[in-house]
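For reference, the structure is listed below as structure tokens.
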Amino acid sequence: MKKVTDGKALVYCEGAFNTPNGKTAHGLVRFTERYEVVGVLDERYAGRDAGDVLDGRPNGIPVFKDLEAAIVALTASNNLPSYLVIGLAPDGGRLPQVAKATIKAALQQGWNVDSGLHDFLTNDSELVELAKEKNVKIRDIRKTPDRDQLHFFTGDIEKVDCLKLAVLGTDSALGKRTTAWILVHAFRNAGKKAEMIGTGQTGWMQGAKYSMVMDSCINDFVSGEIEHAVVSAYDNEDPDVIVIEGQGSLMNPAYPGGFEILAAGRPDYVILQHAPKRVEYDGFPGYKMHTLEQQINAIQVISGKQVIAITVNHEDMEKSEILDVCKAITLETKLPAFDVLEYGAEDLIALLMKKLK
């Protein structure tokens with residue numbers, strides 16, 4: 001059984017599981033070293049197995065109708081959690097008003113609450129008072145540290161002498177973090193020391209030891225925080241490879257992420273995550289996605305570094321289509337294309353192992 005750092009957790013994802021707005025819950029259901037996930041809340045999938053809903057692979061994590069149903073079932077199985085984790089990741093990071101009742105009920109149970117949203121629970125005096133009364137913690141993962149705890153870019157990144165890979169994407173919410181973890185685990189399974197640099201709240205919730213939350217960091221310090229995470233991982237772990245999780249995409253109108261990762265993380269190579277069936281940027285009808293060729297060109301012009309492979313998100317595809325789509329991408333881009341979530345990362349890792357320093 002894997003070691004977890006914080007304890008058992010129930011994940012709140014009402015109305016959003018198996019949609020792009022549930023990507024924090026999806027990450028936790030697939031993998032986390034921070035919690036042992038004992039269930040997910042979403043009435044639409046009540047009674048189902050969360051892994052089966054998400055990937056067609058049961059993993060023993062049940063989906064419950066509501067908190068009351070979860071408490072009854074988890075009490076019976078002697079599996080009550082000590083955390084409620086907000087698994088929502090909606091556009092703009094706002095907390096739905098309906099979620100507050102569940103959060104209050106969890107605090108009443110004596111559970112800690114972790115949230116990665118922009119609506120900070122610690123700004124709600126009622127919730128803070130309740131947590132204090134019950135002697136539990138509320139953690140707002142996206143709350144920016146005080147400026148005196150933040151780092152400015154120094155150039156120390158130049159001493160990092162292991163392979164650095166960035167997993168960037170052609171859009172937001174299409175699996176960059178999942179692909180980054182799959183690569184880290186595949187390198188480790190191949191006997192190499194690999195570290196993940198988390199750049200969002202879900203990476204932290206999954207236990208990324210070296211991480212920062214890019215989208216809520218003060219702009220002046222974003223590059224420095226990325227550099228500090230990479231340099232710390234290198235200094236402390238002596239890894240063979242560091243994998244940096246991407247955010248948004250270079251040309252997404254609402255989440256133009258990736259510039260700082262290229263500039264400050266200074267990856268040796270970029271792996272580009274792409275959902276071939278997407279036509280418009282996630283959540284923004286009318287904003288047509290730039291072509292794969294345009295996105296590859298933008299990355300290579302900005303960074304001077306090579307996009308070495310495409311990783312495919314198979315949303316809206318039948319399994320029978322995936323390999324043909326990968327071949328079509330290779331014909332179009334002259335780059336190898338892999339669906340690592342469906343087929344594993346062994347072939348991609350074989351390619352990347354040749355780049356180790």
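Residues in the structure tokens are named by chain (A, B, ... in the order shown) and by number from 1 within that chain; ligands are numbered from 1 in the order shown.
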
What's the 9 Å shell around segment 93-109 of chain A, counting only C-alpha atoms, without same-chain residues fewer than 6 positions away, as a tab-separated table (two decimals) with all heavy atoms, in the first residue's frame?
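Saved as selection.tsv:
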```tsv
chain	number	residue	atom	x	y	z
A	12	TYR	N	-15.02	16.28	-3.03
A	12	TYR	CA	-16.27	16.93	-3.45
A	12	TYR	C	-16.17	17.32	-4.92
A	12	TYR	O	-15.28	18.09	-5.30
A	12	TYR	CB	-16.54	18.17	-2.60
A	12	TYR	CG	-17.80	18.91	-3.00
A	12	TYR	CD1	-19.02	18.61	-2.39
A	12	TYR	CD2	-17.78	19.89	-3.99
A	12	TYR	CE1	-20.18	19.28	-2.76
A	12	TYR	CE2	-18.95	20.56	-4.36
A	12	TYR	CZ	-20.14	20.25	-3.75
A	12	TYR	OH	-21.29	20.89	-4.11
A	14	GLU	N	-19.43	17.66	-6.96
A	14	GLU	CA	-20.83	17.64	-7.35
A	14	GLU	C	-21.06	18.33	-8.68
A	14	GLU	O	-20.69	19.48	-8.89
A	14	GLU	CB	-21.69	18.31	-6.25
A	14	GLU	CG	-23.18	18.22	-6.52
A	14	GLU	CD	-23.66	16.79	-6.73
A	14	GLU	OE1	-23.37	15.92	-5.89
A	14	GLU	OE2	-24.31	16.56	-7.78
A	66	ASP	N	-24.26	12.01	-1.81
A	66	ASP	CA	-24.05	13.23	-1.01
A	66	ASP	C	-23.24	12.87	0.23
A	66	ASP	O	-22.88	11.70	0.45
A	66	ASP	CB	-25.38	13.89	-0.63
A	66	ASP	CG	-26.35	12.93	0.05
A	66	ASP	OD1	-25.88	11.98	0.72
A	66	ASP	OD2	-27.57	13.13	-0.07
A	67	LEU	N	-22.95	13.87	1.05
A	67	LEU	CA	-22.11	13.66	2.23
A	67	LEU	C	-22.74	12.67	3.20
A	67	LEU	O	-22.05	11.80	3.75
A	67	LEU	CB	-21.86	15.00	2.93
A	67	LEU	CG	-20.84	14.96	4.07
A	67	LEU	CD1	-19.44	14.73	3.54
A	67	LEU	CD2	-20.88	16.25	4.89
A	82	SER	N	-10.39	12.03	7.14
A	82	SER	CA	-10.11	13.19	8.00
A	82	SER	C	-10.06	14.47	7.17
A	82	SER	O	-9.84	15.55	7.72
A	82	SER	CB	-8.79	13.00	8.75
A	82	SER	OG	-7.73	12.71	7.85
A	83	TYR	N	-10.29	14.35	5.85
A	83	TYR	CA	-10.28	15.51	4.96
A	83	TYR	C	-11.47	15.47	4.01
A	83	TYR	O	-11.81	14.40	3.50
A	83	TYR	CB	-9.01	15.56	4.09
A	83	TYR	CG	-7.77	16.02	4.80
A	83	TYR	CD1	-7.00	15.11	5.52
A	83	TYR	CD2	-7.37	17.35	4.77
A	83	TYR	CE1	-5.85	15.53	6.19
A	83	TYR	CE2	-6.23	17.77	5.42
A	83	TYR	CZ	-5.47	16.86	6.14
A	83	TYR	OH	-4.35	17.28	6.79
A	84	LEU	N	-12.04	16.65	3.76
A	84	LEU	CA	-12.87	16.87	2.58
A	84	LEU	C	-12.02	17.72	1.65
A	84	LEU	O	-11.51	18.77	2.05
A	84	LEU	CB	-14.16	17.62	2.91
A	84	LEU	CG	-15.05	17.94	1.70
A	84	LEU	CD1	-15.76	16.68	1.21
A	84	LEU	CD2	-16.08	19.03	2.04
A	86	ILE	N	-11.89	19.77	-2.00
A	86	ILE	CA	-12.72	20.31	-3.08
A	86	ILE	C	-12.07	19.91	-4.41
A	86	ILE	O	-10.97	20.35	-4.73
A	86	ILE	CB	-12.85	21.84	-2.98
A	86	ILE	CG1	-13.34	22.24	-1.58
A	86	ILE	CG2	-13.80	22.36	-4.06
A	86	ILE	CD1	-14.64	21.61	-1.15
A	116	GLY	N	-8.61	24.24	-3.56
A	116	GLY	CA	-7.67	24.86	-4.49
A	116	GLY	C	-8.31	25.94	-5.33
A	116	GLY	O	-7.77	26.31	-6.37
A	117	LEU	N	-9.45	26.47	-4.88
A	117	LEU	CA	-10.16	27.47	-5.67
A	117	LEU	C	-9.68	28.89	-5.34
A	117	LEU	O	-9.00	29.12	-4.34
A	117	LEU	CB	-11.66	27.35	-5.42
A	117	LEU	CG	-12.28	26.00	-5.84
A	117	LEU	CD1	-13.77	25.97	-5.53
A	117	LEU	CD2	-12.05	25.73	-7.32
A	118	HIS	N	-10.08	29.84	-6.19
A	118	HIS	CA	-9.73	31.25	-5.95
A	118	HIS	C	-10.62	31.87	-4.88
A	118	HIS	O	-10.26	32.90	-4.30
A	118	HIS	CB	-9.85	32.06	-7.24
A	118	HIS	CG	-8.71	31.86	-8.19
A	118	HIS	ND1	-7.40	32.08	-7.84
A	118	HIS	CD2	-8.68	31.45	-9.49
A	118	HIS	CE1	-6.61	31.84	-8.88
A	118	HIS	NE2	-7.36	31.44	-9.89
A	119	ASP	N	-11.80	31.30	-4.61
A	119	ASP	CA	-12.63	31.76	-3.50
A	119	ASP	C	-12.07	31.14	-2.22
A	119	ASP	O	-12.24	29.94	-1.97
A	119	ASP	CB	-14.09	31.32	-3.69
A	119	ASP	CG	-14.82	32.18	-4.69
A	119	ASP	OD1	-14.47	33.36	-4.81
A	119	ASP	OD2	-15.75	31.68	-5.34
A	120	PHE	N	-11.39	31.93	-1.42
A	120	PHE	CA	-10.69	31.39	-0.26
A	120	PHE	C	-11.66	31.12	0.89
A	120	PHE	O	-12.35	32.03	1.36
A	120	PHE	CB	-9.59	32.35	0.20
A	120	PHE	CG	-8.52	32.58	-0.83
A	120	PHE	CD1	-7.93	33.82	-0.98
A	120	PHE	CD2	-8.10	31.53	-1.66
A	120	PHE	CE1	-6.94	34.03	-1.92
A	120	PHE	CE2	-7.12	31.73	-2.61
A	120	PHE	CZ	-6.53	32.98	-2.74
A	126	GLU	N	-17.53	32.48	9.08
A	126	GLU	CA	-18.35	31.39	9.65
A	126	GLU	C	-17.60	30.06	9.58
A	126	GLU	O	-17.56	29.30	10.56
A	126	GLU	CB	-19.67	31.29	8.89
A	126	GLU	CG	-20.63	30.25	9.45
A	126	GLU	CD	-21.88	30.07	8.62
A	126	GLU	OE1	-21.95	30.61	7.48
A	126	GLU	OE2	-22.80	29.37	9.09
A	127	LEU	N	-16.98	29.79	8.43
A	127	LEU	CA	-16.23	28.53	8.28
A	127	LEU	C	-14.98	28.52	9.17
A	127	LEU	O	-14.65	27.50	9.78
A	127	LEU	CB	-15.84	28.33	6.81
A	127	LEU	CG	-16.98	28.16	5.81
A	127	LEU	CD1	-16.44	27.99	4.39
A	127	LEU	CD2	-17.89	26.98	6.18
A	130	LEU	N	-15.97	27.85	12.73
A	130	LEU	CA	-16.36	26.44	12.89
A	130	LEU	C	-15.13	25.54	12.94
A	130	LEU	O	-15.05	24.61	13.78
A	130	LEU	CB	-17.30	26.04	11.75
A	130	LEU	CG	-17.96	24.66	11.81
A	130	LEU	CD1	-18.66	24.42	13.14
A	130	LEU	CD2	-18.94	24.51	10.65
A	131	ALA	N	-14.17	25.81	12.07
A	131	ALA	CA	-12.93	25.02	12.07
A	131	ALA	C	-12.19	25.17	13.39
A	131	ALA	O	-11.65	24.19	13.94
A	131	ALA	CB	-12.04	25.45	10.90
A	134	LYS	N	-13.91	23.18	16.09
A	134	LYS	CA	-13.72	21.73	15.95
A	134	LYS	C	-12.24	21.34	15.95
A	134	LYS	O	-11.91	20.15	15.79
A	134	LYS	CB	-14.38	21.26	14.65
A	134	LYS	CG	-15.89	21.40	14.63
A	134	LYS	CD	-16.54	20.47	15.63
A	134	LYS	CE	-18.05	20.59	15.62
A	134	LYS	NZ	-18.67	19.64	16.58
A	136	VAL	N	-9.86	21.87	13.69
A	136	VAL	CA	-9.41	21.32	12.39
A	136	VAL	C	-8.90	22.46	11.52
A	136	VAL	O	-9.05	23.64	11.85
A	136	VAL	CB	-10.54	20.54	11.67
A	136	VAL	CG1	-10.91	19.29	12.44
A	136	VAL	CG2	-11.77	21.43	11.46
A	137	LYS	N	-8.29	22.10	10.38
A	137	LYS	CA	-7.66	23.09	9.51
A	137	LYS	C	-8.46	23.30	8.22
A	137	LYS	O	-9.02	22.35	7.68
A	137	LYS	CB	-6.24	22.62	9.10
A	137	LYS	CG	-5.23	22.58	10.23
A	137	LYS	CD	-3.90	22.03	9.74
A	137	LYS	CE	-4.02	20.59	9.29
A	137	LYS	NZ	-2.76	19.91	9.02
A	138	ILE	N	-8.45	24.53	7.75
A	138	ILE	CA	-8.88	24.84	6.37
A	138	ILE	C	-7.63	25.32	5.64
A	138	ILE	O	-6.94	26.23	6.10
A	138	ILE	CB	-9.94	25.95	6.34
A	138	ILE	CG1	-11.22	25.50	7.06
A	138	ILE	CG2	-10.25	26.34	4.90
A	138	ILE	CD1	-12.26	26.62	7.19
```

Margin query: List as JSON, numbers by chain the protein and nucleic acid residues near segment 325-338 of chain A, meaning an atom at most 8 Å away when only C-alpha atoms are counted, but skip any in the same chain fewer than 5 places from it.
Written below: {"A": [276, 292, 293, 308, 309, 310, 311, 312, 343, 345, 348]}

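Here atom CA of Met317 of chain A and atom CA of Arg57 of chain A stand 16.8 Å from one another.
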
Margin query: Neighbouring residues of Thr5 of chain A were defined as those with any atom within 12 Å, considering only C-alpha atoms; residues of the same chain fewer than 4 positions away were excluded. Please report them as an MDAnalysis selection string.
Written below: chainID A and resid 9 32:36 204:209

Near-segment 235-248 of chain A list (6 Å; only C-alpha atoms; drop same-chain fewer than 2 positions) as an mmCIF file with N, CA and C atoms, in the first residue's frame:
```
data_model
loop_
_atom_site.group_PDB
_atom_site.id
_atom_site.type_symbol
_atom_site.label_atom_id
_atom_site.label_comp_id
_atom_site.auth_asym_id
_atom_site.auth_seq_id
_atom_site.Cartn_x
_atom_site.Cartn_y
_atom_site.Cartn_z
ATOM 1 N N CYS A 162 20.628 18.122 -15.134
ATOM 2 C CA CYS A 162 19.947 16.881 -15.513
ATOM 3 C C CYS A 162 18.982 17.209 -16.644
ATOM 4 N N LEU A 163 18.396 16.175 -17.242
ATOM 5 C CA LEU A 163 17.409 16.383 -18.305
ATOM 6 C C LEU A 163 16.183 17.098 -17.733
ATOM 7 N N LYS A 164 15.767 18.173 -18.361
ATOM 8 C CA LYS A 164 14.555 18.895 -17.966
ATOM 9 C C LYS A 164 13.541 18.814 -19.108
ATOM 10 N N LEU A 165 12.362 18.334 -18.790
ATOM 11 C CA LEU A 165 11.280 18.218 -19.772
ATOM 12 C C LEU A 165 10.110 19.064 -19.314
ATOM 13 N N ALA A 166 9.461 19.776 -20.232
ATOM 14 C CA ALA A 166 8.226 20.492 -19.924
ATOM 15 C C ALA A 166 7.090 19.842 -20.701
ATOM 16 N N VAL A 167 6.002 19.542 -19.997
ATOM 17 C CA VAL A 167 4.800 19.033 -20.653
ATOM 18 C C VAL A 167 3.850 20.217 -20.818
ATOM 19 N N LEU A 168 3.884 20.836 -21.989
ATOM 20 C CA LEU A 168 2.986 21.945 -22.295
ATOM 21 C C LEU A 168 1.771 21.421 -23.062
ATOM 22 N N ASP A 171 -4.047 23.522 -25.116
ATOM 23 C CA ASP A 171 -5.222 24.130 -24.484
ATOM 24 C C ASP A 171 -5.130 23.878 -22.983
ATOM 25 N N SER A 172 -6.073 24.453 -22.236
ATOM 26 C CA SER A 172 -6.182 24.155 -20.811
ATOM 27 C C SER A 172 -7.028 22.898 -20.625
ATOM 28 N N ARG A 177 -0.954 17.644 -16.642
ATOM 29 C CA ARG A 177 -0.471 17.161 -15.343
ATOM 30 C C ARG A 177 -0.485 15.637 -15.291
ATOM 31 N N ALA A 180 2.399 14.368 -17.205
ATOM 32 C CA ALA A 180 3.651 14.608 -16.477
ATOM 33 C C ALA A 180 3.866 13.540 -15.400
ATOM 34 N N LYS A 193 15.853 8.254 -11.442
ATOM 35 C CA LYS A 193 15.336 9.171 -10.429
ATOM 36 C C LYS A 193 14.660 10.336 -11.148
ATOM 37 N N ALA A 194 13.361 10.464 -10.944
ATOM 38 C CA ALA A 194 12.585 11.493 -11.637
ATOM 39 C C ALA A 194 11.804 12.312 -10.625
ATOM 40 N N GLU A 195 11.748 13.628 -10.851
ATOM 41 C CA GLU A 195 10.985 14.524 -9.984
ATOM 42 C C GLU A 195 9.992 15.324 -10.812
ATOM 43 N N MET A 196 8.820 15.532 -10.226
ATOM 44 C CA MET A 196 7.749 16.309 -10.848
ATOM 45 C C MET A 196 7.741 17.714 -10.253
ATOM 46 N N ILE A 197 7.685 18.721 -11.102
ATOM 47 C CA ILE A 197 7.483 20.098 -10.651
ATOM 48 C C ILE A 197 6.022 20.446 -10.897
ATOM 49 N N GLY A 198 5.237 20.536 -9.828
ATOM 50 C CA GLY A 198 3.830 20.907 -9.948
ATOM 51 C C GLY A 198 3.700 22.406 -10.093
ATOM 52 N N THR A 199 2.819 22.843 -10.970
ATOM 53 C CA THR A 199 2.635 24.283 -11.181
ATOM 54 C C THR A 199 1.179 24.701 -10.968
ATOM 55 N N SER A 232 15.541 23.499 -6.383
ATOM 56 C CA SER A 232 15.404 22.762 -5.121
ATOM 57 C C SER A 232 15.318 21.261 -5.373
ATOM 58 N N ALA A 233 14.535 20.870 -6.380
ATOM 59 C CA ALA A 233 14.429 19.443 -6.717
ATOM 60 C C ALA A 233 15.790 18.886 -7.123
ATOM 61 N N TYR A 255 -6.104 31.593 -20.429
ATOM 62 C CA TYR A 255 -5.002 30.987 -19.671
ATOM 63 C C TYR A 255 -3.762 30.900 -20.556
ATOM 64 N N PRO A 256 -3.147 32.039 -20.883
ATOM 65 C CA PRO A 256 -1.983 31.979 -21.791
ATOM 66 C C PRO A 256 -0.723 31.554 -21.035
ATOM 67 N N GLY A 257 -0.729 30.318 -20.544
ATOM 68 C CA GLY A 257 0.375 29.824 -19.722
ATOM 69 C C GLY A 257 1.493 29.246 -20.573
#
```

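Our summary of the geometry notes that atom CA of Asp140 of chain A is positioned 15.2 Å from atom CA of Asp6 of chain A.
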
Notebook entry, point to check: Can you list, as a ChimeraX atom specification, every residue of segment 176-265 of chain A that DSSP puts in strand (DSSP E or B)?
Noted result: /A:194-198,210-211,241-245

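If you count only C-alpha atoms and ignore residues fewer than 2 places along the chain from Ser303 of chain A, what sits within 9 Å of it is Phe259, Leu262, Ala263, Arg266, Pro267, Ala298, Ile299, Gln300, Val301, Lys305 and Gln306 of chain A.
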
Could you turn the residues from that selection into a file that holds C-alpha atoms, as a CSV table (one decimal), in the first residue's frame?
```csv
chain,number,residue,atom,x,y,z
A,259,PHE,CA,5.9,31.5,-21.4
A,262,LEU,CA,10.0,28.1,-21.1
A,263,ALA,CA,11.8,31.2,-19.9
A,266,ARG,CA,14.5,26.3,-19.4
A,267,PRO,CA,13.5,22.8,-20.4
A,298,ALA,CA,5.3,29.2,-31.3
A,299,ILE,CA,7.0,27.1,-28.6
A,300,GLN,CA,10.1,26.5,-30.7
A,301,VAL,CA,10.4,30.2,-31.7
A,305,LYS,CA,14.0,24.2,-27.9
A,306,GLN,CA,12.6,21.3,-29.8
```

Next item on the list: Write out as a VMD selection string all residues of segment 83-162 of chain A that backbone DSSP assigns to helix (DSSP H, G or I).
Entry: chain A and resid 91 to 93 99 to 108 121 to 123 125 to 134 147 to 149 156 to 159

How would the residues just picked look written out with N, CA and C atoms as a tab-separated table (two decimals), in the first residue's frame?
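What ended up in out-v2.tsv:
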```tsv
chain	number	residue	atom	x	y	z
A	91	ASP	N	-13.98	27.24	-14.51
A	91	ASP	CA	-13.38	28.46	-15.08
A	91	ASP	C	-13.43	29.58	-14.05
A	92	GLY	N	-12.30	30.23	-13.85
A	92	GLY	CA	-12.24	31.32	-12.88
A	92	GLY	C	-12.06	30.87	-11.45
A	93	GLY	N	-12.14	29.56	-11.19
A	93	GLY	CA	-11.86	29.02	-9.87
A	93	GLY	C	-12.82	29.47	-8.78
A	99	ALA	N	-21.96	24.46	-2.55
A	99	ALA	CA	-20.93	23.63	-1.90
A	99	ALA	C	-20.73	23.98	-0.44
A	100	LYS	N	-21.12	25.19	-0.05
A	100	LYS	CA	-20.82	25.65	1.32
A	100	LYS	C	-21.48	24.76	2.37
A	101	ALA	N	-22.70	24.29	2.10
A	101	ALA	CA	-23.41	23.45	3.08
A	101	ALA	C	-22.63	22.16	3.34
A	102	THR	N	-22.07	21.58	2.27
A	102	THR	CA	-21.28	20.35	2.43
A	102	THR	C	-19.99	20.63	3.20
A	103	ILE	N	-19.37	21.77	2.91
A	103	ILE	CA	-18.13	22.13	3.62
A	103	ILE	C	-18.42	22.32	5.12
A	104	LYS	N	-19.51	23.01	5.42
A	104	LYS	CA	-19.89	23.20	6.83
A	104	LYS	C	-20.14	21.86	7.52
A	105	ALA	N	-20.85	20.98	6.82
A	105	ALA	CA	-21.15	19.66	7.40
A	105	ALA	C	-19.89	18.85	7.65
A	106	ALA	N	-18.92	18.97	6.73
A	106	ALA	CA	-17.65	18.25	6.90
A	106	ALA	C	-16.88	18.79	8.12
A	107	LEU	N	-16.86	20.11	8.26
A	107	LEU	CA	-16.21	20.71	9.44
A	107	LEU	C	-16.91	20.26	10.73
A	108	GLN	N	-18.24	20.19	10.68
A	108	GLN	CA	-19.00	19.72	11.85
A	108	GLN	C	-18.61	18.29	12.23
A	121	LEU	N	-11.67	29.88	1.34
A	121	LEU	CA	-12.54	29.50	2.46
A	121	LEU	C	-12.11	30.20	3.74
A	122	THR	N	-10.82	30.51	3.84
A	122	THR	CA	-10.32	31.17	5.05
A	122	THR	C	-10.74	32.64	5.13
A	123	ASN	N	-11.41	33.14	4.09
A	123	ASN	CA	-11.99	34.49	4.15
A	123	ASN	C	-13.44	34.47	4.65
A	125	SER	N	-15.73	33.97	7.56
A	125	SER	CA	-15.59	33.96	9.03
A	125	SER	C	-16.38	32.82	9.68
A	126	GLU	N	-17.53	32.48	9.08
A	126	GLU	CA	-18.35	31.39	9.65
A	126	GLU	C	-17.60	30.06	9.58
A	127	LEU	N	-16.98	29.79	8.43
A	127	LEU	CA	-16.23	28.53	8.28
A	127	LEU	C	-14.98	28.52	9.17
A	128	VAL	N	-14.31	29.66	9.23
A	128	VAL	CA	-13.09	29.75	10.06
A	128	VAL	C	-13.43	29.51	11.53
A	129	GLU	N	-14.53	30.11	11.99
A	129	GLU	CA	-14.95	29.94	13.39
A	129	GLU	C	-15.29	28.48	13.68
A	130	LEU	N	-15.97	27.85	12.73
A	130	LEU	CA	-16.36	26.44	12.89
A	130	LEU	C	-15.13	25.54	12.94
A	131	ALA	N	-14.17	25.81	12.07
A	131	ALA	CA	-12.93	25.02	12.07
A	131	ALA	C	-12.19	25.17	13.39
A	132	LYS	N	-12.16	26.40	13.90
A	132	LYS	CA	-11.49	26.66	15.18
A	132	LYS	C	-12.18	25.90	16.31
A	133	GLU	N	-13.52	25.94	16.29
A	133	GLU	CA	-14.32	25.24	17.32
A	133	GLU	C	-14.05	23.73	17.29
A	134	LYS	N	-13.91	23.18	16.09
A	134	LYS	CA	-13.72	21.73	15.95
A	134	LYS	C	-12.24	21.34	15.95
A	147	ARG	N	4.99	38.00	0.31
A	147	ARG	CA	6.07	38.32	-0.62
A	147	ARG	C	7.45	37.95	-0.09
A	148	ASP	N	7.62	38.04	1.22
A	148	ASP	CA	8.95	37.71	1.76
A	148	ASP	C	9.26	36.22	1.70
A	149	GLN	N	8.26	35.41	1.33
A	149	GLN	CA	8.49	33.97	1.15
A	149	GLN	C	8.67	33.61	-0.33
A	156	ASP	N	20.10	30.74	-11.20
A	156	ASP	CA	20.61	29.46	-10.65
A	156	ASP	C	20.16	28.26	-11.47
A	157	ILE	N	19.13	28.44	-12.30
A	157	ILE	CA	18.64	27.34	-13.14
A	157	ILE	C	19.75	26.78	-14.02
A	158	GLU	N	20.75	27.62	-14.33
A	158	GLU	CA	21.83	27.19	-15.24
A	158	GLU	C	22.69	26.08	-14.63
A	159	LYS	N	22.64	25.92	-13.32
A	159	LYS	CA	23.46	24.85	-12.70
A	159	LYS	C	22.74	23.50	-12.70
```

Notebook entry, point to check: Near Asn78 of chain A, within 12 Å and counting only C-alpha atoms, which residues show up once chain neighbours fewer than 6 positions away are dropped, as number ranges by chain?
Noted result: A: 8, 38, 70-72

With all heavy atoms retained, export the selected residues as a PDB file, in the first residue's frame.
```
ATOM      1  N   LYS A   8      -6.800  10.073   4.978  1.00  0.00           N
ATOM      2  CA  LYS A   8      -7.913   9.713   4.093  1.00  0.00           C
ATOM      3  C   LYS A   8      -8.718  10.951   3.706  1.00  0.00           C
ATOM      4  O   LYS A   8      -8.866  11.880   4.501  1.00  0.00           O
ATOM      5  CB  LYS A   8      -8.829   8.701   4.779  1.00  0.00           C
ATOM      6  CG  LYS A   8      -8.167   7.349   5.025  1.00  0.00           C
ATOM      7  CD  LYS A   8      -9.081   6.398   5.756  1.00  0.00           C
ATOM      8  CE  LYS A   8      -8.376   5.062   5.993  1.00  0.00           C
ATOM      9  NZ  LYS A   8      -9.209   4.109   6.765  1.00  0.00           N
ATOM     10  N   VAL A  38     -11.029   8.001  -0.408  1.00  0.00           N
ATOM     11  CA  VAL A  38     -11.987   6.954  -0.028  1.00  0.00           C
ATOM     12  C   VAL A  38     -13.336   7.113  -0.723  1.00  0.00           C
ATOM     13  O   VAL A  38     -14.207   6.256  -0.581  1.00  0.00           O
ATOM     14  CB  VAL A  38     -12.191   6.920   1.510  1.00  0.00           C
ATOM     15  CG1 VAL A  38     -10.892   6.534   2.201  1.00  0.00           C
ATOM     16  CG2 VAL A  38     -12.710   8.258   2.041  1.00  0.00           C
ATOM     17  N   ALA A  70     -22.255   9.195   2.036  1.00  0.00           N
ATOM     18  CA  ALA A  70     -20.841   8.824   2.175  1.00  0.00           C
ATOM     19  C   ALA A  70     -20.518   8.471   3.614  1.00  0.00           C
ATOM     20  O   ALA A  70     -19.828   7.481   3.889  1.00  0.00           O
ATOM     21  CB  ALA A  70     -19.951   9.967   1.690  1.00  0.00           C
ATOM     22  N   ILE A  71     -21.025   9.269   4.559  1.00  0.00           N
ATOM     23  CA  ILE A  71     -20.732   9.022   5.981  1.00  0.00           C
ATOM     24  C   ILE A  71     -21.285   7.674   6.418  1.00  0.00           C
ATOM     25  O   ILE A  71     -20.602   6.901   7.108  1.00  0.00           O
ATOM     26  CB  ILE A  71     -21.288  10.175   6.852  1.00  0.00           C
ATOM     27  CG1 ILE A  71     -20.450  11.434   6.638  1.00  0.00           C
ATOM     28  CG2 ILE A  71     -21.298   9.790   8.331  1.00  0.00           C
ATOM     29  CD1 ILE A  71     -21.047  12.691   7.241  1.00  0.00           C
ATOM     30  N   VAL A  72     -22.499   7.367   5.996  1.00  0.00           N
ATOM     31  CA  VAL A  72     -23.108   6.067   6.352  1.00  0.00           C
ATOM     32  C   VAL A  72     -22.253   4.917   5.821  1.00  0.00           C
ATOM     33  O   VAL A  72     -21.888   3.989   6.558  1.00  0.00           O
ATOM     34  CB  VAL A  72     -24.553   5.969   5.804  1.00  0.00           C
ATOM     35  CG1 VAL A  72     -25.083   4.545   5.934  1.00  0.00           C
ATOM     36  CG2 VAL A  72     -25.465   6.947   6.536  1.00  0.00           C
TER      37      VAL A  72
END
```
